[in-house]
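Content type compact mmCIF, C-alpha atoms, from the file query.txt:
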# COMPACT_ATOMS: atom_id res chain seq x y z
CA GLN A 1 40.89 -0.36 -94.74
CA VAL A 2 41.48 -3.91 -95.90
CA GLN A 3 41.44 -4.84 -99.57
CA LEU A 4 40.65 -8.44 -100.49
CA VAL A 5 41.23 -10.08 -103.86
CA GLU A 6 40.07 -13.64 -104.55
CA SER A 7 41.49 -15.95 -107.20
CA GLY A 8 41.54 -19.61 -108.14
CA GLY A 9 37.98 -20.15 -109.29
CA GLY A 10 37.11 -22.01 -112.46
CA LEU A 11 35.24 -24.86 -114.07
CA VAL A 12 35.76 -28.35 -112.68
CA GLN A 13 34.01 -31.68 -112.97
CA ALA A 14 32.17 -33.20 -110.05
CA GLY A 15 34.60 -34.95 -107.73
CA GLY A 16 37.41 -32.58 -108.68
CA SER A 17 39.35 -30.05 -106.64
CA LEU A 18 40.13 -26.35 -106.62
CA ARG A 19 42.04 -24.09 -104.29
CA LEU A 20 40.79 -20.56 -103.80
CA SER A 21 43.08 -17.82 -102.53
CA CYS A 22 42.28 -14.48 -100.99
CA ALA A 23 45.09 -11.94 -100.83
CA ALA A 24 44.71 -9.14 -98.32
CA SER A 25 46.37 -5.76 -98.21
CA GLY A 26 46.01 -2.79 -95.93
CA ARG A 27 45.82 -3.10 -92.18
CA THR A 28 47.23 -5.93 -90.12
CA PHE A 29 45.87 -9.08 -91.68
CA SER A 30 46.82 -11.30 -88.76
CA SER A 31 44.37 -9.55 -86.42
CA TYR A 32 41.32 -10.27 -88.60
CA HIS A 33 39.05 -13.26 -88.60
CA MET A 34 38.66 -14.44 -92.18
CA GLY A 35 35.66 -16.09 -93.75
CA TRP A 36 34.49 -17.59 -97.03
CA PHE A 37 30.93 -17.19 -98.22
CA ARG A 38 29.19 -18.16 -101.43
CA GLN A 39 26.17 -17.10 -103.41
CA ALA A 40 24.47 -19.13 -106.10
CA PRO A 41 22.11 -17.54 -108.65
CA GLY A 42 18.75 -16.80 -107.10
CA LYS A 43 19.92 -17.70 -103.61
CA GLU A 44 21.08 -15.77 -100.58
CA ARG A 45 24.71 -15.51 -99.63
CA GLU A 46 25.64 -18.37 -97.33
CA PHE A 47 28.46 -19.10 -94.92
CA VAL A 48 31.07 -21.64 -95.98
CA ALA A 49 33.98 -21.50 -93.53
CA ALA A 50 35.91 -19.18 -91.23
CA VAL A 51 39.26 -19.11 -89.48
CA ARG A 52 39.96 -17.13 -86.31
CA TRP A 53 42.90 -14.79 -86.05
CA SER A 54 43.67 -15.62 -82.42
CA ASP A 55 44.24 -19.37 -82.48
CA GLY A 56 43.63 -20.42 -86.08
CA GLY A 57 40.51 -22.26 -85.04
CA THR A 58 38.08 -23.06 -87.84
CA VAL A 59 34.33 -23.39 -88.30
CA TYR A 60 32.48 -24.88 -91.26
CA ALA A 61 29.03 -25.10 -92.71
CA ASP A 62 27.64 -28.61 -92.38
CA SER A 63 27.30 -28.90 -96.15
CA VAL A 64 31.05 -28.55 -96.73
CA ARG A 65 32.62 -30.08 -93.63
CA GLY A 66 35.04 -32.84 -94.59
CA ARG A 67 35.37 -31.63 -98.18
CA LEU A 68 36.48 -28.00 -97.89
CA THR A 69 39.35 -26.77 -95.73
CA ILE A 70 40.10 -23.17 -94.78
CA SER A 71 43.60 -22.08 -93.81
CA ARG A 72 45.59 -18.89 -93.50
CA ASP A 73 49.18 -17.82 -93.98
CA ASN A 74 49.73 -14.62 -92.04
CA ALA A 75 53.22 -14.18 -93.48
CA LYS A 76 51.69 -14.00 -96.95
CA ASN A 77 48.52 -12.13 -95.92
CA THR A 78 46.51 -14.85 -97.61
CA VAL A 79 43.63 -17.12 -96.72
CA TYR A 80 42.89 -20.28 -98.69
CA LEU A 81 39.94 -22.54 -99.31
CA GLN A 82 40.93 -26.01 -100.45
CA MET A 83 37.93 -27.57 -102.14
CA ASN A 84 37.88 -31.34 -102.66
CA MET A 85 35.16 -33.76 -103.79
CA LEU A 86 33.29 -30.90 -105.38
CA LYS A 87 29.60 -31.27 -106.18
CA PRO A 88 27.39 -29.41 -108.67
CA GLU A 89 25.64 -27.77 -105.71
CA ASP A 90 28.93 -26.10 -104.80
CA THR A 91 28.57 -23.93 -107.91
CA ALA A 92 28.50 -20.30 -106.77
CA LEU A 93 30.37 -17.04 -106.59
CA TYR A 94 32.77 -17.35 -103.68
CA TYR A 95 33.67 -14.36 -101.56
CA CYS A 96 36.24 -13.90 -98.84
CA ALA A 97 35.58 -11.49 -96.00
CA ALA A 98 37.40 -10.00 -93.03
CA ALA A 99 36.16 -9.09 -89.57
CA GLN A 100 38.08 -7.79 -86.60
CA TYR A 101 36.02 -7.20 -83.48
CA ILE A 102 33.38 -9.89 -83.46
CA SER A 103 32.64 -12.77 -81.13
CA TYR A 104 33.24 -16.26 -82.35
CA ILE A 105 29.54 -17.05 -82.52
CA LYS A 106 29.18 -14.30 -85.11
CA LEU A 107 31.64 -15.85 -87.55
CA ARG A 108 28.84 -17.51 -89.52
CA GLU A 109 26.96 -14.25 -90.07
CA ALA A 110 27.72 -12.29 -93.24
CA GLY A 111 26.57 -9.08 -91.61
CA SER A 112 29.40 -9.34 -89.07
CA TYR A 113 32.14 -8.88 -91.66
CA GLU A 114 33.54 -5.45 -92.45
CA TYR A 115 35.41 -6.06 -95.69
CA TRP A 116 34.61 -8.14 -98.77
CA GLY A 117 36.32 -9.14 -101.96
CA GLN A 118 34.72 -9.09 -105.40
CA GLY A 119 34.32 -12.85 -105.60
CA THR A 120 35.60 -15.68 -107.77
CA GLN A 121 33.31 -18.00 -109.71
CA VAL A 122 33.33 -21.75 -109.09
CA THR A 123 31.37 -23.93 -111.48
CA VAL A 124 31.09 -27.68 -110.95
CA SER A 125 29.75 -29.72 -113.85
CA SER A 126 27.99 -33.04 -113.38
Could you write out this file's structure as structure tokens?
Amino acid sequence: QVQLVESGGGLVQAGGSLRLSCAASGRTFSSYHMGWFRQAPGKEREFVAAVRWSDGGTVYADSVRGRLTISRDNAKNTVYLQMNMLKPEDTALYYCAAAQYISYIKLREAGSYEYWGQGTQVTVSS
């Protein structure tokens, strides 16, 4: 089992920044791919970014590339999402997720992830 706890959400004006954190406990964090997803009211959960356990390689949704950056610190069992140049359309509940035995092409698929946190709310005002 892996337990995930997100933090760092809040209310920010458009153009501002936030840094989300996801602390993991349980099994070996370093052997899990980690992803961030988000879900806005009335919409489906969507992929934001992921970081591979093997080489630290990253993938991003087109809508966030260049503004959001995912990173991980295996020594602290934590994955981060640095969010810059935020837009009102970034408003959503943000979830982190962990997956161990999936191919890289599956990193964008929510159904591939085994463990999920409870989410942290990000609200961007215009």
Check: At what distance in Å, to one decimal, does atom CA of Arg108 of chain A lie from atom CA of Val2 of chain A?
Finding: 19.6 Å
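Restricting the calculation to only C-alpha atoms, the smallest distance between Gln121 of chain A and any of A:His33, A:Lys87, A:Arg52, A:Arg38 is found for A:Arg38.
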Skipping near chain neighbours, those fewer than 5 positions away, what residues fall within 8 Å of Thr78 of chain A using all atoms listed in the file, listed as a tab-separated table (two decimals) with C-alpha atoms, keeping the file's coordinate frame?
chain	number	residue	atom	x	y	z
A	21	SER	CA	43.08	-17.82	-102.53
A	22	CYS	CA	42.28	-14.48	-100.99
A	23	ALA	CA	45.09	-11.94	-100.83
A	24	ALA	CA	44.71	-9.14	-98.32
A	72	ARG	CA	45.59	-18.89	-93.50
A	73	ASP	CA	49.18	-17.82	-93.98
Next item on the list: Tell me, as a PyMOL selection string, which residues lie within 9 Å of Ile70 of chain A, counting only C-alpha atoms; anything in the same chain fewer than 6 positions away does not count.
Entry: chain A and resi 35-36+49-51+58-60+79-83
Output for the residues just chosen: C-alpha atoms as a tab-separated table (two decimals), keeping the file's coordinate frame:
chain	number	residue	atom	x	y	z
A	35	GLY	CA	35.66	-16.09	-93.75
A	36	TRP	CA	34.49	-17.59	-97.03
A	49	ALA	CA	33.98	-21.50	-93.53
A	50	ALA	CA	35.91	-19.18	-91.23
A	51	VAL	CA	39.26	-19.11	-89.48
A	58	THR	CA	38.08	-23.06	-87.84
A	59	VAL	CA	34.33	-23.39	-88.30
A	60	TYR	CA	32.48	-24.88	-91.26
A	79	VAL	CA	43.63	-17.12	-96.72
A	80	TYR	CA	42.89	-20.28	-98.69
A	81	LEU	CA	39.94	-22.54	-99.31
A	82	GLN	CA	40.93	-26.01	-100.45
A	83	MET	CA	37.93	-27.57	-102.14
Note to self: What's around segment 93-102 of chain A at 10 Å? Count only C-alpha atoms, leave out sequence neighbours fewer than 2 positions away in its own chain, and write the answer as a ChimeraX atom specification.
What the structure shows: /A:2-7,9,20-24,28-41,45-53,79-81,90-91,104-107,110-123
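Here atom CA of Ser103 of chain A and atom CA of Asp55 of chain A stand 13.4 Å from one another.
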Checklist line | Between atom CA of Val12 of chain A and atom CA of Ala92 of chain A, distance in Å (one decimal) | finding: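 Value for the atom CA of Val12 of chain A-atom CA of Ala92 of chain A distance: 12.3 Å.
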Next item on the list: Compare A:Gln1, A:Glu44, A:Gly66, A:Gln13 by their minimum atom-to-atom distance to Val124 of chain A, counting only C-alpha atoms, and give me the closest one.
Entry: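 Nearest candidate to Val124 of chain A out of A:Gln1, A:Glu44, A:Gly66, A:Gln13: A:Gln13.
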Box for segment 62-70 of chain A: with edges along x, y and z, all listed atoms inside and 8 Å added on each side, what are the centre and edge lengths in Å to one decimal, as AutoDock Vina command-line options?
--center_x 33.7 --center_y -28.0 --center_z -95.3 --size_x 28.8 --size_y 25.7 --size_z 21.8
Next item on the list: May I ask which of the residues A:Ser63, A:Ser17, A:Ser25, A:Ser54 is the closest one to Glu89 of chain A, counting all atoms listed in the file?
Entry: A:Ser63
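Among the candidate residues A:Gly57, A:Gly16, A:Asn84, A:Gly26, the one lying nearest to Ser71 of chain A is A:Gly57, with distances computed using only C-alpha atoms.
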Notebook entry, point to check: Which is closer to Arg65 of chain A than all the others in A:Gly42, A:Gly8, A:Gly15, A:Leu86, using all atoms listed in the file?
Noted result: A:Leu86
